[in-house]
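Below is entry-v1.csv, holding CSV, N, CA, C and O atoms.
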chain,number,residue,atom,x,y,z
A,184,MET,N,100.1,-134.3,-156.2
A,184,MET,CA,101.1,-135.1,-156.9
A,184,MET,C,102.1,-134.1,-157.5
A,184,MET,O,103.3,-134.4,-157.4
A,185,LYS,N,101.7,-133.0,-158.1
A,185,LYS,CA,102.6,-132.1,-158.7
A,185,LYS,C,103.5,-131.5,-157.7
A,185,LYS,O,104.7,-131.3,-157.9
A,186,SER,N,103.0,-131.1,-156.5
A,186,SER,CA,103.8,-130.5,-155.5
A,186,SER,C,104.9,-131.4,-155.0
A,186,SER,O,106.0,-131.0,-154.6
A,187,ARG,N,104.6,-132.7,-154.9
A,187,ARG,CA,105.6,-133.7,-154.4
A,187,ARG,C,106.7,-133.8,-155.4
A,187,ARG,O,107.8,-133.9,-155.1
A,188,LEU,N,106.3,-133.9,-156.7
A,188,LEU,CA,107.3,-134.0,-157.8
A,188,LEU,C,108.2,-132.7,-157.8
A,188,LEU,O,109.4,-132.8,-157.8
A,189,LEU,N,107.6,-131.6,-157.6
A,189,LEU,CA,108.4,-130.3,-157.6
A,189,LEU,C,109.3,-130.3,-156.4
A,189,LEU,O,110.4,-129.9,-156.5
A,190,ALA,N,108.8,-130.7,-155.2
A,190,ALA,CA,109.6,-130.7,-154.0
A,190,ALA,C,110.8,-131.7,-154.2
A,190,ALA,O,111.9,-131.4,-153.7
A,191,ALA,N,110.5,-132.8,-154.8
A,191,ALA,CA,111.6,-133.8,-155.0
A,191,ALA,C,112.7,-133.2,-155.9
A,191,ALA,O,113.9,-133.4,-155.7
A,192,LEU,N,112.3,-132.5,-157.0
A,192,LEU,CA,113.2,-131.9,-157.9
A,192,LEU,C,114.0,-130.8,-157.2
A,192,LEU,O,115.2,-130.7,-157.4
A,193,VAL,N,113.4,-130.0,-156.4
A,193,VAL,CA,114.1,-128.9,-155.7
A,193,VAL,C,115.1,-129.5,-154.7
A,193,VAL,O,116.2,-129.0,-154.6
A,194,LEU,N,114.7,-130.5,-154.0
A,194,LEU,CA,115.6,-131.2,-153.0
A,194,LEU,C,116.8,-131.8,-153.8
A,194,LEU,O,118.0,-131.7,-153.3
A,195,THR,N,116.6,-132.4,-154.9
A,195,THR,CA,117.7,-133.0,-155.7
A,195,THR,C,118.6,-131.9,-156.2
A,195,THR,O,119.8,-132.1,-156.1
A,196,ALA,N,118.1,-130.8,-156.7
A,196,ALA,CA,118.9,-129.8,-157.2
A,196,ALA,C,119.7,-129.1,-156.0
A,196,ALA,O,120.9,-128.9,-156.2
A,197,ALA,N,119.1,-129.0,-154.9
A,197,ALA,CA,119.8,-128.4,-153.7
A,197,ALA,C,120.9,-129.3,-153.3
A,197,ALA,O,122.0,-128.9,-152.9
A,198,ALA,N,120.7,-130.6,-153.3
A,198,ALA,CA,121.7,-131.6,-152.9
A,198,ALA,C,122.9,-131.6,-153.9
A,198,ALA,O,124.1,-131.7,-153.5
A,199,LEU,N,122.6,-131.4,-155.2
A,199,LEU,CA,123.7,-131.4,-156.2
A,199,LEU,C,124.5,-130.1,-156.0
A,199,LEU,O,125.8,-130.2,-156.1
A,200,VAL,N,123.9,-129.0,-155.7
A,200,VAL,CA,124.6,-127.8,-155.5
A,200,VAL,C,125.5,-127.9,-154.2
A,200,VAL,O,126.6,-127.5,-154.2
A,201,ALA,N,124.9,-128.4,-153.2
A,201,ALA,CA,125.6,-128.5,-151.9
A,201,ALA,C,126.8,-129.4,-152.0
A,201,ALA,O,127.8,-129.2,-151.3
A,202,THR,N,126.7,-130.5,-152.8
A,202,THR,CA,127.8,-131.4,-152.8
A,202,THR,C,128.9,-131.0,-153.8
A,202,THR,O,130.1,-131.3,-153.6
A,203,SER,N,128.6,-130.2,-154.8
A,203,SER,CA,129.6,-129.8,-155.8
A,203,SER,C,130.4,-128.5,-155.4
A,203,SER,O,131.5,-128.4,-155.7
A,204,ALA,N,129.7,-127.6,-154.7
A,204,ALA,CA,130.4,-126.4,-154.3
A,204,ALA,C,131.6,-126.6,-153.4
A,204,ALA,O,132.6,-126.0,-153.6
A,205,PRO,N,131.5,-127.3,-152.3
A,205,PRO,CA,132.6,-127.5,-151.4
A,205,PRO,C,133.8,-128.1,-152.0
A,205,PRO,O,134.9,-127.8,-151.6
A,206,ALA,N,133.6,-129.0,-153.0
A,206,ALA,CA,134.8,-129.6,-153.6
A,206,ALA,C,135.7,-128.6,-154.3
A,206,ALA,O,136.9,-128.6,-154.2
A,207,GLN,N,135.1,-127.6,-155.0
A,207,GLN,CA,135.8,-126.6,-155.7
A,207,GLN,C,136.4,-125.6,-154.6
A,207,GLN,O,137.5,-125.2,-154.7
A,208,ALA,N,135.6,-125.2,-153.7
A,208,ALA,CA,136.0,-124.2,-152.7
A,208,ALA,C,137.1,-124.8,-151.8
A,208,ALA,O,137.9,-124.0,-151.3
A,209,ALA,N,137.1,-126.1,-151.6
A,209,ALA,CA,138.1,-126.6,-150.7
A,209,ALA,C,139.5,-126.6,-151.3
A,209,ALA,O,140.5,-126.7,-150.6
A,210,SER,N,139.6,-126.5,-152.6
A,210,SER,CA,140.9,-126.5,-153.2
A,210,SER,C,141.6,-125.2,-153.1
A,210,SER,O,142.8,-125.1,-153.3
A,211,TYR,N,140.9,-124.1,-152.8
A,211,TYR,CA,141.5,-122.8,-152.6
A,211,TYR,C,141.3,-122.4,-151.2
A,211,TYR,O,140.4,-122.7,-150.5
A,212,VAL,N,142.4,-121.6,-150.7
A,212,VAL,CA,142.4,-121.2,-149.3
A,212,VAL,C,142.6,-119.7,-149.3
A,212,VAL,O,143.4,-119.1,-150.1
A,213,LYS,N,141.8,-119.0,-148.5
A,213,LYS,CA,142.0,-117.5,-148.4
A,213,LYS,C,143.3,-117.2,-147.7
A,213,LYS,O,143.6,-117.7,-146.6
A,214,HIS,N,144.1,-116.5,-148.5
A,214,HIS,CA,145.5,-116.2,-148.0
A,214,HIS,C,145.6,-114.8,-147.3
A,214,HIS,O,146.2,-114.7,-146.3
A,215,ALA,N,144.9,-113.8,-147.9
A,215,ALA,CA,145.0,-112.4,-147.4
A,215,ALA,C,143.9,-111.6,-148.0
A,215,ALA,O,143.2,-112.0,-148.9
A,216,SER,N,143.8,-110.3,-147.4
A,216,SER,CA,142.9,-109.3,-147.9
A,216,SER,C,143.6,-108.1,-148.2
A,216,SER,O,144.5,-107.7,-147.5
A,217,TYR,N,143.2,-107.4,-149.3
A,217,TYR,CA,143.9,-106.1,-149.7
A,217,TYR,C,142.9,-105.1,-150.0
A,217,TYR,O,141.7,-105.4,-150.2
A,218,GLY,N,143.3,-103.8,-150.0
A,218,GLY,CA,142.4,-102.7,-150.2
A,218,GLY,C,142.3,-102.3,-151.7
A,218,GLY,O,141.4,-101.6,-152.1
A,219,TRP,N,143.3,-102.7,-152.5
A,219,TRP,CA,143.3,-102.3,-153.9
A,219,TRP,C,143.4,-103.6,-154.8
A,219,TRP,O,144.2,-104.5,-154.4
A,220,PRO,N,142.8,-103.6,-156.0
A,220,PRO,CA,142.9,-104.8,-156.8
A,220,PRO,C,144.3,-105.1,-157.3
A,220,PRO,O,144.7,-106.2,-157.5
A,221,ASP,N,145.1,-104.0,-157.6
A,221,ASP,CA,146.4,-104.2,-158.1
A,221,ASP,C,147.3,-104.9,-157.0
A,221,ASP,O,148.2,-105.6,-157.3
A,222,GLN,N,147.1,-104.6,-155.7
A,222,GLN,CA,147.8,-105.2,-154.6
A,222,GLN,C,147.5,-106.7,-154.6
A,222,GLN,O,148.5,-107.5,-154.5
A,223,CYS,N,146.3,-107.0,-154.7
A,223,CYS,CA,145.9,-108.5,-154.7
A,223,CYS,C,146.5,-109.2,-155.9
A,223,CYS,O,147.1,-110.3,-155.7
A,224,GLN,N,146.5,-108.6,-157.1
A,224,GLN,CA,147.0,-109.2,-158.3
A,224,GLN,C,148.5,-109.4,-158.1
A,224,GLN,O,149.1,-110.4,-158.5
A,225,TRP,N,149.2,-108.4,-157.6
A,225,TRP,CA,150.7,-108.4,-157.5
A,225,TRP,C,151.1,-109.5,-156.5
A,225,TRP,O,152.0,-110.3,-156.9
A,226,PHE,N,150.5,-109.6,-155.3
A,226,PHE,CA,150.9,-110.6,-154.4
A,226,PHE,C,150.5,-112.0,-154.9
A,226,PHE,O,151.3,-112.9,-154.7
A,227,GLY,N,149.4,-112.1,-155.6
A,227,GLY,CA,149.0,-113.4,-156.1
A,227,GLY,C,150.0,-113.8,-157.2
A,227,GLY,O,150.5,-115.0,-157.2
A,228,ASN,N,150.5,-112.9,-158.0
A,228,ASN,CA,151.4,-113.2,-159.1
A,228,ASN,C,152.8,-113.6,-158.4
A,228,ASN,O,153.5,-114.5,-158.9
A,229,GLN,N,153.2,-112.9,-157.4
A,229,GLN,CA,154.5,-113.2,-156.8
A,229,GLN,C,154.5,-114.6,-156.2
A,229,GLN,O,155.5,-115.3,-156.3
A,230,GLY,N,153.4,-115.0,-155.6
A,230,GLY,CA,153.4,-116.3,-155.1
A,230,GLY,C,153.5,-117.4,-156.2
A,230,GLY,O,154.0,-118.5,-155.9
A,231,THR,N,152.9,-117.1,-157.3
A,231,THR,CA,153.0,-118.0,-158.4
A,231,THR,C,154.4,-118.1,-159.0
A,231,THR,O,155.0,-119.1,-159.3
A,232,VAL,N,155.0,-116.9,-159.2
A,232,VAL,CA,156.4,-116.8,-159.7
A,232,VAL,C,157.4,-117.5,-158.8
A,232,VAL,O,158.2,-118.3,-159.3
A,233,TYR,N,157.3,-117.4,-157.5
A,233,TYR,CA,158.2,-118.0,-156.6
A,233,TYR,C,157.7,-119.4,-156.1
A,233,TYR,O,158.3,-119.9,-155.1
A,234,HIS,N,156.7,-119.9,-156.8
A,234,HIS,CA,156.2,-121.3,-156.5
A,234,HIS,C,155.8,-121.5,-155.1
A,234,HIS,O,155.9,-122.6,-154.6
A,235,THR,N,155.2,-120.5,-154.5
A,235,THR,CA,154.6,-120.6,-153.2
A,235,THR,C,153.3,-121.3,-153.3
A,235,THR,O,152.9,-122.0,-152.4
A,236,TRP,N,152.5,-121.0,-154.4
A,236,TRP,CA,151.3,-121.7,-154.7
A,236,TRP,C,151.2,-121.8,-156.2
A,236,TRP,O,151.9,-121.2,-157.0
A,237,SER,N,150.3,-122.7,-156.6
A,237,SER,CA,150.2,-123.0,-158.0
A,237,SER,C,149.3,-122.1,-158.8
A,237,SER,O,149.5,-121.8,-159.9
A,238,SER,N,148.2,-121.6,-158.1
A,238,SER,CA,147.4,-120.6,-158.8
A,238,SER,C,146.7,-119.8,-157.8
A,238,SER,O,146.7,-120.1,-156.6
A,239,TYR,N,146.0,-118.7,-158.2
A,239,TYR,CA,145.4,-117.8,-157.3
A,239,TYR,C,144.2,-117.1,-158.1
A,239,TYR,O,144.2,-117.1,-159.3
A,240,TYR,N,143.4,-116.5,-157.3
A,240,TYR,CA,142.4,-115.5,-157.9
A,240,TYR,C,142.0,-114.5,-156.8
A,240,TYR,O,142.2,-114.7,-155.6
A,241,CYS,N,141.6,-113.3,-157.3
A,241,CYS,CA,141.3,-112.2,-156.4
A,241,CYS,C,139.7,-112.1,-156.4
A,241,CYS,O,139.2,-111.9,-157.5
A,242,GLU,N,139.1,-112.1,-155.3
A,242,GLU,CA,137.7,-112.0,-155.1
A,242,GLU,C,137.4,-110.5,-154.7
A,242,GLU,O,137.9,-110.0,-153.8
A,243,THR,N,136.5,-109.9,-155.5
A,243,THR,CA,136.1,-108.5,-155.1
A,243,THR,C,134.9,-108.6,-154.1
A,243,THR,O,133.8,-109.1,-154.4
A,244,VAL,N,135.2,-108.2,-152.9
A,244,VAL,CA,134.2,-108.2,-151.8
A,244,VAL,C,133.5,-106.8,-151.8
A,244,VAL,O,132.3,-106.7,-151.9
A,245,ILE,N,134.3,-105.8,-151.8
A,245,ILE,CA,133.7,-104.4,-151.9
A,245,ILE,C,134.6,-103.7,-152.9
A,245,ILE,O,135.8,-103.6,-152.7
A,246,PRO,N,134.0,-103.2,-154.0
A,246,PRO,CA,134.8,-102.5,-155.1
A,246,PRO,C,135.4,-101.2,-154.6
A,246,PRO,O,134.8,-100.6,-153.7
A,247,THR,N,136.5,-100.9,-155.1
A,247,THR,CA,137.2,-99.6,-154.8
A,247,THR,C,136.3,-98.5,-155.4
A,247,THR,O,135.8,-98.6,-156.5
A,248,ASN,N,136.3,-97.3,-154.7
A,248,ASN,CA,135.7,-96.1,-155.3
A,248,ASN,C,136.7,-95.0,-155.3
A,248,ASN,O,137.8,-95.2,-154.8
A,249,TRP,N,136.3,-93.8,-155.7
A,249,TRP,CA,137.2,-92.7,-155.8
A,249,TRP,C,137.7,-92.2,-154.4
A,249,TRP,O,138.7,-91.5,-154.2
A,250,MET,N,136.9,-92.5,-153.4
A,250,MET,CA,137.2,-91.9,-152.0
A,250,MET,C,137.8,-92.9,-151.1
A,250,MET,O,138.4,-92.5,-150.1
A,251,ALA,N,137.7,-94.2,-151.3
A,251,ALA,CA,138.2,-95.2,-150.4
A,251,ALA,C,138.6,-96.5,-151.0
A,251,ALA,O,138.1,-96.8,-152.1
A,252,PRO,N,139.5,-97.2,-150.4
A,252,PRO,CA,139.9,-98.5,-150.9
A,252,PRO,C,138.7,-99.5,-150.8
A,252,PRO,O,137.8,-99.2,-150.0
A,253,GLY,N,138.8,-100.6,-151.5
A,253,GLY,CA,137.7,-101.6,-151.3
A,253,GLY,C,138.2,-102.8,-150.5
A,253,GLY,O,139.1,-102.6,-149.6
A,254,LEU,N,137.7,-103.9,-150.8
A,254,LEU,CA,138.2,-105.1,-150.1
A,254,LEU,C,138.3,-106.2,-151.1
A,254,LEU,O,137.3,-106.6,-151.8
A,255,TYR,N,139.5,-106.8,-151.3
A,255,TYR,CA,139.8,-107.8,-152.2
A,255,TYR,C,140.5,-109.0,-151.5
A,255,TYR,O,141.5,-108.8,-150.8
A,256,ASN,N,139.9,-110.2,-151.6
A,256,ASN,CA,140.4,-111.4,-150.9
A,256,ASN,C,141.3,-112.1,-152.0
A,256,ASN,O,140.9,-112.4,-153.1
A,257,LEU,N,142.5,-112.5,-151.5
A,257,LEU,CA,143.4,-113.3,-152.3
A,257,LEU,C,143.2,-114.8,-151.9
A,257,LEU,O,143.4,-115.2,-150.8
A,258,TRP,N,142.7,-115.6,-152.9
A,258,TRP,CA,142.5,-117.0,-152.7
A,258,TRP,C,143.6,-117.8,-153.5
A,258,TRP,O,143.9,-117.5,-154.6
A,259,VAL,N,144.3,-118.7,-152.8
A,259,VAL,CA,145.4,-119.4,-153.4
A,259,VAL,C,145.2,-120.9,-153.4
A,259,VAL,O,144.4,-121.5,-152.5
A,260,GLN,N,145.8,-121.6,-154.3
A,260,GLN,CA,145.7,-123.1,-154.4
A,260,GLN,C,147.2,-123.6,-154.3
A,260,GLN,O,148.0,-123.2,-155.1
A,261,TYR,N,147.5,-124.4,-153.3
A,261,TYR,CA,148.8,-124.9,-153.1
A,261,TYR,C,149.2,-126.1,-153.9
A,261,TYR,O,148.3,-126.7,-154.4
Render the structure in this file as structure tokens.
Amino acid sequence: MKSRLLAALVLTAAALVATSAPAQAASYVKHASYGWPDQCQWFGNQGTVYHTWSSYYCETVIPTNWMAPGLYNLWVQY
């Protein structure tokens, strides 16, 4: 009986997470990728200033280190 209740709770929680995440993710679109965080921020800000999109954020995929650039994705909301 306990295992069925636990399984039902896990499935309910998984369904809630699965239905809420795409709604937020669908509002942003990946626009570009950059090697440095300041590049991502600059291009994101330029799009906002010139009303190309309403908001943006930069996602750190691979952080920059002293020897090489990283990977930063620019996500925009139109």
Kindly extract all protein, DNA and RNA residues lying within 7 Å of the coordinates (141.8, -100.6, -153.8) given in the file, considering only C-alpha atoms, and supply them as a count of residues only.
7
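One finds CA of Tyr255 in chain A at 5.5 Å from CA of Ser216 in chain A.
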Could you list, as a CSV table (one decimal) with N, CA, C and O atoms, keeping the file's coordinate frame, every residue within 7 Å of range 231-237 of chain A, counting all atoms listed in the file and ignoring same-chain residues fewer than 2 positions away?
chain,number,residue,atom,x,y,z
A,225,TRP,N,149.2,-108.4,-157.6
A,225,TRP,CA,150.7,-108.4,-157.5
A,225,TRP,C,151.1,-109.5,-156.5
A,225,TRP,O,152.0,-110.3,-156.9
A,226,PHE,N,150.5,-109.6,-155.3
A,226,PHE,CA,150.9,-110.6,-154.4
A,226,PHE,C,150.5,-112.0,-154.9
A,226,PHE,O,151.3,-112.9,-154.7
A,227,GLY,N,149.4,-112.1,-155.6
A,227,GLY,CA,149.0,-113.4,-156.1
A,227,GLY,C,150.0,-113.8,-157.2
A,227,GLY,O,150.5,-115.0,-157.2
A,228,ASN,N,150.5,-112.9,-158.0
A,228,ASN,CA,151.4,-113.2,-159.1
A,228,ASN,C,152.8,-113.6,-158.4
A,228,ASN,O,153.5,-114.5,-158.9
A,229,GLN,N,153.2,-112.9,-157.4
A,229,GLN,CA,154.5,-113.2,-156.8
A,229,GLN,C,154.5,-114.6,-156.2
A,229,GLN,O,155.5,-115.3,-156.3
A,239,TYR,N,146.0,-118.7,-158.2
A,239,TYR,CA,145.4,-117.8,-157.3
A,239,TYR,C,144.2,-117.1,-158.1
A,239,TYR,O,144.2,-117.1,-159.3
A,259,VAL,N,144.3,-118.7,-152.8
A,259,VAL,CA,145.4,-119.4,-153.4
A,259,VAL,C,145.2,-120.9,-153.4
A,259,VAL,O,144.4,-121.5,-152.5
A,260,GLN,N,145.8,-121.6,-154.3
A,260,GLN,CA,145.7,-123.1,-154.4
A,260,GLN,C,147.2,-123.6,-154.3
A,260,GLN,O,148.0,-123.2,-155.1
A,261,TYR,N,147.5,-124.4,-153.3
A,261,TYR,CA,148.8,-124.9,-153.1
A,261,TYR,C,149.2,-126.1,-153.9
A,261,TYR,O,148.3,-126.7,-154.4
What separation in Å, quoted to one decimal, exists between atom O of Met250 in chain A and atom C of Ala215 in chain A?
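So the answer is 20.0 Å.
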Out of A:Ala251, A:Tyr240, A:Pro246, A:Tyr211, which residue has the shortest atom-to-atom distance to Cys223 in chain A when counting all atoms listed in the file?
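Among the listed residues, A:Tyr240 lies closest to Cys223 in chain A.
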As a PyMOL selection string, which residues of range 217-246 of chain A does DSSP assign to alpha helix (DSSP H)?
chain A and resi 220-232
